[in-house]
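Data from work.cif: mmCIF, C-alpha atoms
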data_run
#
loop_
_atom_site.group_PDB
_atom_site.id
_atom_site.type_symbol
_atom_site.label_atom_id
_atom_site.label_comp_id
_atom_site.auth_asym_id
_atom_site.auth_seq_id
_atom_site.Cartn_x
_atom_site.Cartn_y
_atom_site.Cartn_z
ATOM 1 C CA MET A 746 18.436 26.816 -17.085
ATOM 2 C CA ARG A 747 17.012 23.314 -17.513
ATOM 3 C CA ALA A 748 19.143 22.067 -14.615
ATOM 4 C CA ILE A 749 17.780 24.792 -12.322
ATOM 5 C CA PHE A 750 14.202 23.980 -13.386
ATOM 6 C CA ALA A 751 14.806 20.244 -12.872
ATOM 7 C CA CYS A 752 16.254 20.895 -9.399
ATOM 8 C CA ALA A 753 13.273 23.086 -8.517
ATOM 9 C CA VAL A 754 10.844 20.383 -9.644
ATOM 10 C CA LEU A 755 12.701 17.717 -7.640
ATOM 11 C CA LEU A 756 12.757 19.927 -4.544
ATOM 12 C CA TRP A 757 9.041 20.666 -4.885
ATOM 13 C CA ALA A 758 8.270 16.954 -5.334
ATOM 14 C CA GLY A 759 10.360 16.128 -2.277
ATOM 15 C CA PHE A 760 8.620 18.773 -0.154
ATOM 16 C CA SER A 761 5.258 17.597 -1.437
ATOM 17 C CA ALA A 762 6.034 13.964 -0.511
ATOM 18 C CA VAL A 763 7.227 14.998 2.963
ATOM 19 C CA ALA A 764 4.063 17.073 3.493
ATOM 20 C CA GLN A 765 1.904 14.170 2.290
ATOM 21 C CA ASP A 766 3.726 11.763 4.648
ATOM 22 C CA ALA A 767 3.211 14.164 7.553
ATOM 23 C CA ASP A 768 -0.482 14.462 6.694
ATOM 24 C CA LEU A 769 -0.815 10.676 6.533
ATOM 25 C CA ASP A 770 1.015 10.314 9.844
ATOM 26 C CA LYS A 771 -1.529 12.660 11.450
ATOM 27 C CA LEU A 772 -4.405 10.696 9.914
ATOM 28 C CA PHE A 773 -2.981 7.391 11.167
ATOM 29 C CA ALA A 774 -2.584 8.856 14.653
ATOM 30 C CA GLN A 775 -6.213 9.976 14.546
ATOM 31 C CA LEU A 776 -7.316 6.585 13.225
ATOM 32 C CA ALA A 777 -5.563 4.669 16.017
ATOM 33 C CA ARG A 778 -6.800 6.828 18.880
ATOM 34 C CA PRO A 779 -9.251 4.849 21.041
ATOM 35 C CA GLY A 780 -12.625 6.461 21.614
ATOM 36 C CA ASN A 781 -12.060 8.842 18.721
ATOM 37 C CA ASP A 782 -15.310 9.594 16.932
ATOM 38 C CA ALA A 783 -13.517 11.086 13.909
ATOM 39 C CA TRP A 784 -11.852 7.814 12.899
ATOM 40 C CA ARG A 785 -14.216 7.366 9.938
ATOM 41 C CA ILE A 786 -13.052 10.650 8.444
ATOM 42 C CA ALA A 787 -9.404 9.682 8.961
ATOM 43 C CA GLU A 788 -10.057 6.280 7.364
ATOM 44 C CA ALA A 789 -11.752 7.853 4.330
ATOM 45 C CA ASP A 790 -8.944 10.384 3.933
ATOM 46 C CA ILE A 791 -6.287 7.659 4.116
ATOM 47 C CA LEU A 792 -8.100 5.488 1.572
ATOM 48 C CA ARG A 793 -8.513 8.492 -0.723
ATOM 49 C CA GLU A 794 -4.781 9.279 -0.510
ATOM 50 C CA TRP A 795 -3.869 5.664 -1.159
ATOM 51 C CA SER A 796 -6.026 5.634 -4.303
ATOM 52 C CA LYS A 797 -3.929 8.384 -5.911
ATOM 53 C CA SER A 798 -1.164 6.968 -8.056
ATOM 54 C CA GLY A 799 0.017 10.302 -9.412
ATOM 55 C CA SER A 800 -1.066 9.333 -12.920
ATOM 56 C CA PRO A 801 -4.568 9.861 -14.314
ATOM 57 C CA ALA A 802 -4.147 6.784 -16.540
ATOM 58 C CA MET A 803 -3.174 4.563 -13.598
ATOM 59 C CA ASP A 804 -5.990 5.994 -11.478
ATOM 60 C CA LEU A 805 -8.383 5.077 -14.303
ATOM 61 C CA LEU A 806 -7.056 1.500 -14.386
ATOM 62 C CA LEU A 807 -7.625 1.243 -10.631
ATOM 63 C CA LYS A 808 -11.140 2.620 -10.967
ATOM 64 C CA ARG A 809 -11.999 0.259 -13.832
ATOM 65 C CA GLY A 810 -10.534 -2.712 -11.978
ATOM 66 C CA GLU A 811 -12.486 -1.931 -8.821
ATOM 67 C CA GLU A 812 -15.705 -1.392 -10.786
ATOM 68 C CA ALA A 813 -15.252 -4.716 -12.603
ATOM 69 C CA LEU A 814 -14.600 -6.414 -9.258
ATOM 70 C CA ASP A 815 -17.737 -4.843 -7.781
ATOM 71 C CA MET A 816 -19.746 -6.131 -10.754
ATOM 72 C CA GLY A 817 -18.311 -9.631 -10.369
ATOM 73 C CA ASP A 818 -16.395 -9.513 -13.661
ATOM 74 C CA LEU A 819 -13.249 -11.082 -12.248
ATOM 75 C CA ASP A 820 -11.494 -11.560 -15.592
ATOM 76 C CA ALA A 821 -11.868 -7.867 -16.447
ATOM 77 C CA ALA A 822 -10.854 -6.860 -12.929
ATOM 78 C CA MET A 823 -7.715 -9.001 -13.045
ATOM 79 C CA GLY A 824 -6.902 -7.649 -16.516
ATOM 80 C CA HIS A 825 -7.182 -3.985 -15.520
ATOM 81 C CA LEU A 826 -5.375 -4.497 -12.237
ATOM 82 C CA THR A 827 -2.576 -6.549 -13.811
ATOM 83 C CA ALA A 828 -2.037 -3.734 -16.315
ATOM 84 C CA LEU A 829 -1.935 -1.350 -13.359
ATOM 85 C CA THR A 830 0.638 -3.356 -11.385
ATOM 86 C CA ASP A 831 2.731 -3.793 -14.543
ATOM 87 C CA HIS A 832 2.798 -0.040 -15.261
ATOM 88 C CA ALA A 833 2.822 1.242 -11.667
ATOM 89 C CA PRO A 834 4.746 -1.368 -9.658
ATOM 90 C CA ASP A 835 5.236 1.016 -6.712
ATOM 91 C CA PHE A 836 1.519 1.735 -6.248
ATOM 92 C CA ALA A 837 0.359 -0.274 -3.230
ATOM 93 C CA ALA A 838 -3.359 0.207 -3.933
ATOM 94 C CA GLY A 839 -2.976 -1.592 -7.262
ATOM 95 C CA TRP A 840 -1.471 -4.657 -5.595
ATOM 96 C CA GLN A 841 -4.103 -4.692 -2.868
ATOM 97 C CA ALA A 842 -6.936 -4.367 -5.382
ATOM 98 C CA ARG A 843 -5.536 -7.116 -7.587
ATOM 99 C CA ALA A 844 -5.207 -9.320 -4.494
ATOM 100 C CA ALA A 845 -8.935 -8.825 -3.893
ATOM 101 C CA ALA A 846 -9.669 -9.918 -7.468
ATOM 102 C CA PHE A 847 -7.404 -12.963 -7.167
ATOM 103 C CA ALA A 848 -8.937 -13.941 -3.823
ATOM 104 C CA SER A 849 -12.450 -13.586 -5.232
ATOM 105 C CA ALA A 850 -11.441 -15.982 -8.009
ATOM 106 C CA GLY A 851 -10.029 -18.437 -5.447
ATOM 107 C CA TYR A 852 -6.389 -17.775 -6.356
ATOM 108 C CA PHE A 853 -5.128 -17.423 -2.792
ATOM 109 C CA GLY A 854 -1.419 -17.866 -3.540
ATOM 110 C CA PRO A 855 -1.239 -14.982 -6.024
ATOM 111 C CA ALA A 856 -3.499 -12.915 -3.754
ATOM 112 C CA ALA A 857 -1.164 -13.430 -0.794
ATOM 113 C CA ALA A 858 1.850 -12.533 -2.950
ATOM 114 C CA ASP A 859 0.166 -9.313 -4.072
ATOM 115 C CA LEU A 860 -0.683 -8.434 -0.477
ATOM 116 C CA ALA A 861 2.935 -9.007 0.503
ATOM 117 C CA ARG A 862 3.977 -6.507 -2.184
ATOM 118 C CA ALA A 863 1.332 -3.989 -1.065
ATOM 119 C CA LEU A 864 2.564 -4.282 2.530
ATOM 120 C CA GLU A 865 6.167 -3.934 1.420
ATOM 121 C CA LEU A 866 5.214 -0.648 -0.239
ATOM 122 C CA GLU A 867 2.885 0.530 2.557
ATOM 123 C CA PRO A 868 3.415 -1.347 5.838
ATOM 124 C CA ARG A 869 0.450 0.485 7.423
ATOM 125 C CA HIS A 870 -2.000 -0.801 4.789
ATOM 126 C CA PHE A 871 -4.630 -2.019 7.248
ATOM 127 C CA ALA A 872 -6.969 -3.164 4.466
ATOM 128 C CA ALA A 873 -4.229 -5.391 3.035
ATOM 129 C CA LEU A 874 -3.507 -6.847 6.486
ATOM 130 C CA THR A 875 -7.179 -7.610 7.096
ATOM 131 C CA GLN A 876 -7.501 -9.084 3.612
ATOM 132 C CA LEU A 877 -4.435 -11.229 4.321
ATOM 133 C CA GLY A 878 -6.120 -12.425 7.522
ATOM 134 C CA VAL A 879 -9.208 -13.451 5.558
ATOM 135 C CA ILE A 880 -7.118 -15.338 2.989
ATOM 136 C CA LEU A 881 -5.026 -17.102 5.624
ATOM 137 C CA GLU A 882 -8.172 -18.063 7.512
ATOM 138 C CA GLU A 883 -9.654 -19.454 4.295
ATOM 139 C CA MET A 884 -6.438 -21.444 3.804
ATOM 140 C CA GLU A 885 -6.816 -22.744 7.399
ATOM 141 C CA ASP A 886 -3.666 -20.969 8.615
ATOM 142 C CA TYR A 887 -5.462 -19.793 11.727
ATOM 143 C CA GLU A 888 -2.371 -18.598 13.594
ATOM 144 C CA GLY A 889 -1.234 -16.543 10.607
ATOM 145 C CA ALA A 890 -4.727 -15.146 10.132
ATOM 146 C CA LEU A 891 -4.970 -14.155 13.788
ATOM 147 C CA ALA A 892 -1.573 -12.442 13.594
ATOM 148 C CA ALA A 893 -2.610 -10.516 10.457
ATOM 149 C CA TYR A 894 -5.892 -9.393 12.037
ATOM 150 C CA ARG A 895 -4.096 -8.276 15.205
ATOM 151 C CA GLU A 896 -1.484 -6.327 13.243
ATOM 152 C CA SER A 897 -4.250 -4.635 11.285
ATOM 153 C CA LEU A 898 -6.051 -3.680 14.484
ATOM 154 C CA LYS A 899 -2.884 -2.084 15.855
ATOM 155 C CA ILE A 900 -3.105 0.355 12.961
ATOM 156 C CA HIS A 901 -6.892 0.659 12.705
ATOM 157 C CA PRO A 902 -8.606 -0.623 15.860
ATOM 158 C CA HIS A 903 -12.091 0.201 14.562
ATOM 159 C CA GLN A 904 -12.244 -2.347 11.703
ATOM 160 C CA GLN A 905 -15.198 -4.606 12.308
ATOM 161 C CA GLU A 906 -14.025 -7.353 9.940
ATOM 162 C CA ALA A 907 -10.664 -7.647 11.719
ATOM 163 C CA ARG A 908 -12.310 -7.470 15.157
ATOM 164 C CA ASP A 909 -14.718 -10.235 14.163
ATOM 165 C CA GLY A 910 -11.821 -12.315 12.814
ATOM 166 C CA VAL A 911 -9.891 -12.014 16.079
ATOM 167 C CA ALA A 912 -12.970 -12.904 18.150
ATOM 168 C CA ARG A 913 -13.793 -15.883 15.934
ATOM 169 C CA LEU A 914 -10.244 -17.263 15.941
ATOM 170 C CA GLU A 915 -9.680 -16.692 19.638
ATOM 171 C CA LYS A 916 -12.880 -18.614 20.382
ATOM 172 C CA GLN A 917 -11.737 -21.348 18.042
ATOM 173 C CA GLN A 918 -8.410 -21.584 19.899
ATOM 174 C CA THR A 919 -10.181 -22.006 23.237
ATOM 175 C CA GLY A 920 -12.511 -24.607 21.759
ATOM 176 C CA THR A 921 -15.655 -22.532 22.196
ATOM 177 C CA ASP A 922 -18.125 -22.542 19.318
ATOM 178 C CA ILE A 923 -19.458 -19.215 18.182
#
Encoded form using structure tokens:
Amino acid sequence: MRAIFACAVLLWAGFSAVAQDADLDKLFAQLARPGNDAWRIAEADILREWSKSGSPAMDLLLKRGEEALDMGDLDAAMGHLTALTDHAPDFAAGWQARAAAFASAGYFGPAAADLARALELEPRHFAALTQLGVILEEMEDYEGALAAYRESLKIHPHQQEARDGVARLEKQQTGTDI
């Protein structure tokens, strides 16, 4: 009986993951469509889905880490988000959030490593790509930053920060001051 129940749970989880992936695929298609006025809704829905770890405890760590980051308490943010990445290593949002805390503290190497992990887990993580562009630009890797911004815009062409980064770096390449 337990084996049948376990199989049913695994099948349900598999169907649920496939349905969630299909929903996300639709949202990404909507997000990338030029001239689409509903992109903000798609963006919010994607970010909301990404913030769900599947565990209330891990979701709480993410929330506490983000709140500490918003309040400028970088030590608390890094503490909460490190606990999150330790306990939920396959949760891309945790890595991306911790990268933001590291970058805010000036720890660009660890931030870039965390973004690499987030992108390994979720290659369409446009926020992580844009954040990587910002970090690479800060580190004066202008070609890498431009590539990260452009990749992000392929996924989410409406991001103002990435658009501004591309414009700024393209002008820099041509020698024109902004």
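The interatomic distance for the pair atom CA of A:Ala872 and atom CA of A:Leu814 works out to 16.0 Å.
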Nearest to A:Asp818 among A:Ala767, A:Ala863, A:Leu877, A:Ala846, with distances taken over only C-alpha atoms: which residue is it?
->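 Among the listed residues, A:Ala846 lies closest to A:Asp818.
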May I ask which of the residues A:Ala828, A:Ala856, A:Leu805, A:Ile791 is the closest one to A:Asp770, counting all atoms listed in the file?
-> A:Ile791
Using only C-alpha atoms, determine which residues lie at most 12 Å from A:Lys899, disregarding the query and same-chain residues fewer than 4 positions distant; provide the list as a ChimeraX atom specification.
-> /A:773-774,776-779,868-871,874-875,892-895,903-904,907-908
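Compared by their closest atoms to A:Gly810, and using all atoms listed in the file, the residues A:Trp840, A:Trp784, A:Phe853, A:Trp795 rank with A:Trp840 nearest.
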Do a neighbour search on A:Pro834 at 12 Å with all atoms listed in the file, toss out local chain neighbours closer than 4 positions, and write the hits as a PyMOL selection string.
-> chain A and resi 798+803+826-830+838-841+843+859+862-863+865-866
A:Ala890 environment, 12 Å, only C-alpha atoms, sequence neighbours closer than 2 positions dropped, as a VMD selection string = chain A and resid 857 874 to 888 892 to 897 907 to 915
What does the file look like for those residues with C-alpha atoms, as a PDB file, in the frame of the given file?
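Saved the output as selection_32.pdb:
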ATOM      1  CA  ALA A 857      -1.164 -13.430  -0.794  1.00  0.00           C
ATOM      2  CA  LEU A 874      -3.507  -6.847   6.486  1.00  0.00           C
ATOM      3  CA  THR A 875      -7.179  -7.610   7.096  1.00  0.00           C
ATOM      4  CA  GLN A 876      -7.501  -9.084   3.612  1.00  0.00           C
ATOM      5  CA  LEU A 877      -4.435 -11.229   4.321  1.00  0.00           C
ATOM      6  CA  GLY A 878      -6.120 -12.425   7.522  1.00  0.00           C
ATOM      7  CA  VAL A 879      -9.208 -13.451   5.558  1.00  0.00           C
ATOM      8  CA  ILE A 880      -7.118 -15.338   2.989  1.00  0.00           C
ATOM      9  CA  LEU A 881      -5.026 -17.102   5.624  1.00  0.00           C
ATOM     10  CA  GLU A 882      -8.172 -18.063   7.512  1.00  0.00           C
ATOM     11  CA  GLU A 883      -9.654 -19.454   4.295  1.00  0.00           C
ATOM     12  CA  MET A 884      -6.438 -21.444   3.804  1.00  0.00           C
ATOM     13  CA  GLU A 885      -6.816 -22.744   7.399  1.00  0.00           C
ATOM     14  CA  ASP A 886      -3.666 -20.969   8.615  1.00  0.00           C
ATOM     15  CA  TYR A 887      -5.462 -19.793  11.727  1.00  0.00           C
ATOM     16  CA  GLU A 888      -2.371 -18.598  13.594  1.00  0.00           C
ATOM     17  CA  ALA A 892      -1.573 -12.442  13.594  1.00  0.00           C
ATOM     18  CA  ALA A 893      -2.610 -10.516  10.457  1.00  0.00           C
ATOM     19  CA  TYR A 894      -5.892  -9.393  12.037  1.00  0.00           C
ATOM     20  CA  ARG A 895      -4.096  -8.276  15.205  1.00  0.00           C
ATOM     21  CA  GLU A 896      -1.484  -6.327  13.243  1.00  0.00           C
ATOM     22  CA  SER A 897      -4.250  -4.635  11.285  1.00  0.00           C
ATOM     23  CA  ALA A 907     -10.664  -7.647  11.719  1.00  0.00           C
ATOM     24  CA  ARG A 908     -12.310  -7.470  15.157  1.00  0.00           C
ATOM     25  CA  ASP A 909     -14.718 -10.235  14.163  1.00  0.00           C
ATOM     26  CA  GLY A 910     -11.821 -12.315  12.814  1.00  0.00           C
ATOM     27  CA  VAL A 911      -9.891 -12.014  16.079  1.00  0.00           C
ATOM     28  CA  ALA A 912     -12.970 -12.904  18.150  1.00  0.00           C
ATOM     29  CA  ARG A 913     -13.793 -15.883  15.934  1.00  0.00           C
ATOM     30  CA  LEU A 914     -10.244 -17.263  15.941  1.00  0.00           C
ATOM     31  CA  GLU A 915      -9.680 -16.692  19.638  1.00  0.00           C
TER      32      GLU A 915
END
Test item: residues at most 12 Å from A:Ser800, all atoms listed in the file, excluding those fewer than 5 positions along its chain, as a compact mmCIF listing (two decimals) with C-alpha atoms, in the frame of the given file:
# COMPACT_ATOMS: atom_id res chain seq x y z
CA LEU A 805 -8.38 5.08 -14.30
CA LEU A 806 -7.06 1.50 -14.39
CA LEU A 807 -7.62 1.24 -10.63
CA LEU A 829 -1.94 -1.35 -13.36
CA HIS A 832 2.80 -0.04 -15.26
CA ALA A 833 2.82 1.24 -11.67
CA PHE A 836 1.52 1.74 -6.25
Considering all atoms listed in the file, return as a PyMOL selection string whatever protein or nucleic-acid residues lie within 10 Å of A:Gln775, sequence-local ones (same chain, fewer than 5 positions apart) excluded.
-> chain A and resi 769-770+781-788+901
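Pairwise distance (atom CA of A:Lys771, atom CA of A:Ala873) equals 20.1 Å.
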To one decimal place, how far is atom CA of A:Arg809 from atom CA of A:Arg793 in Å?
->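 We find that atom CA of A:Arg809 and atom CA of A:Arg793 lie 15.9 Å from each other.
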Smallest atom-to-atom distance to A:Glu811: which of A:Gly824, A:Gly920, A:Gly780, A:Gly851, using all atoms listed in the file?
->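 Closest to A:Glu811, using all atoms listed in the file: A:Gly824.
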Find the residue from A:Lys808, A:Gly817, A:Ala837, A:Ser796 that sits nearest to A:Leu860; use only C-alpha atoms when measuring.
-> A:Ala837
Please define a box with edges along x, y and z of the file around all atoms of stretch 813-824 of chain A given in the file, extend it by 8 Å on each side, and return its centre and edge lengths in Å to one decimal, as JSON.
{"center_x": -13.3, "center_y": -8.1, "center_z": -12.1, "size_x": 28.8, "size_y": 22.8, "size_z": 24.7}
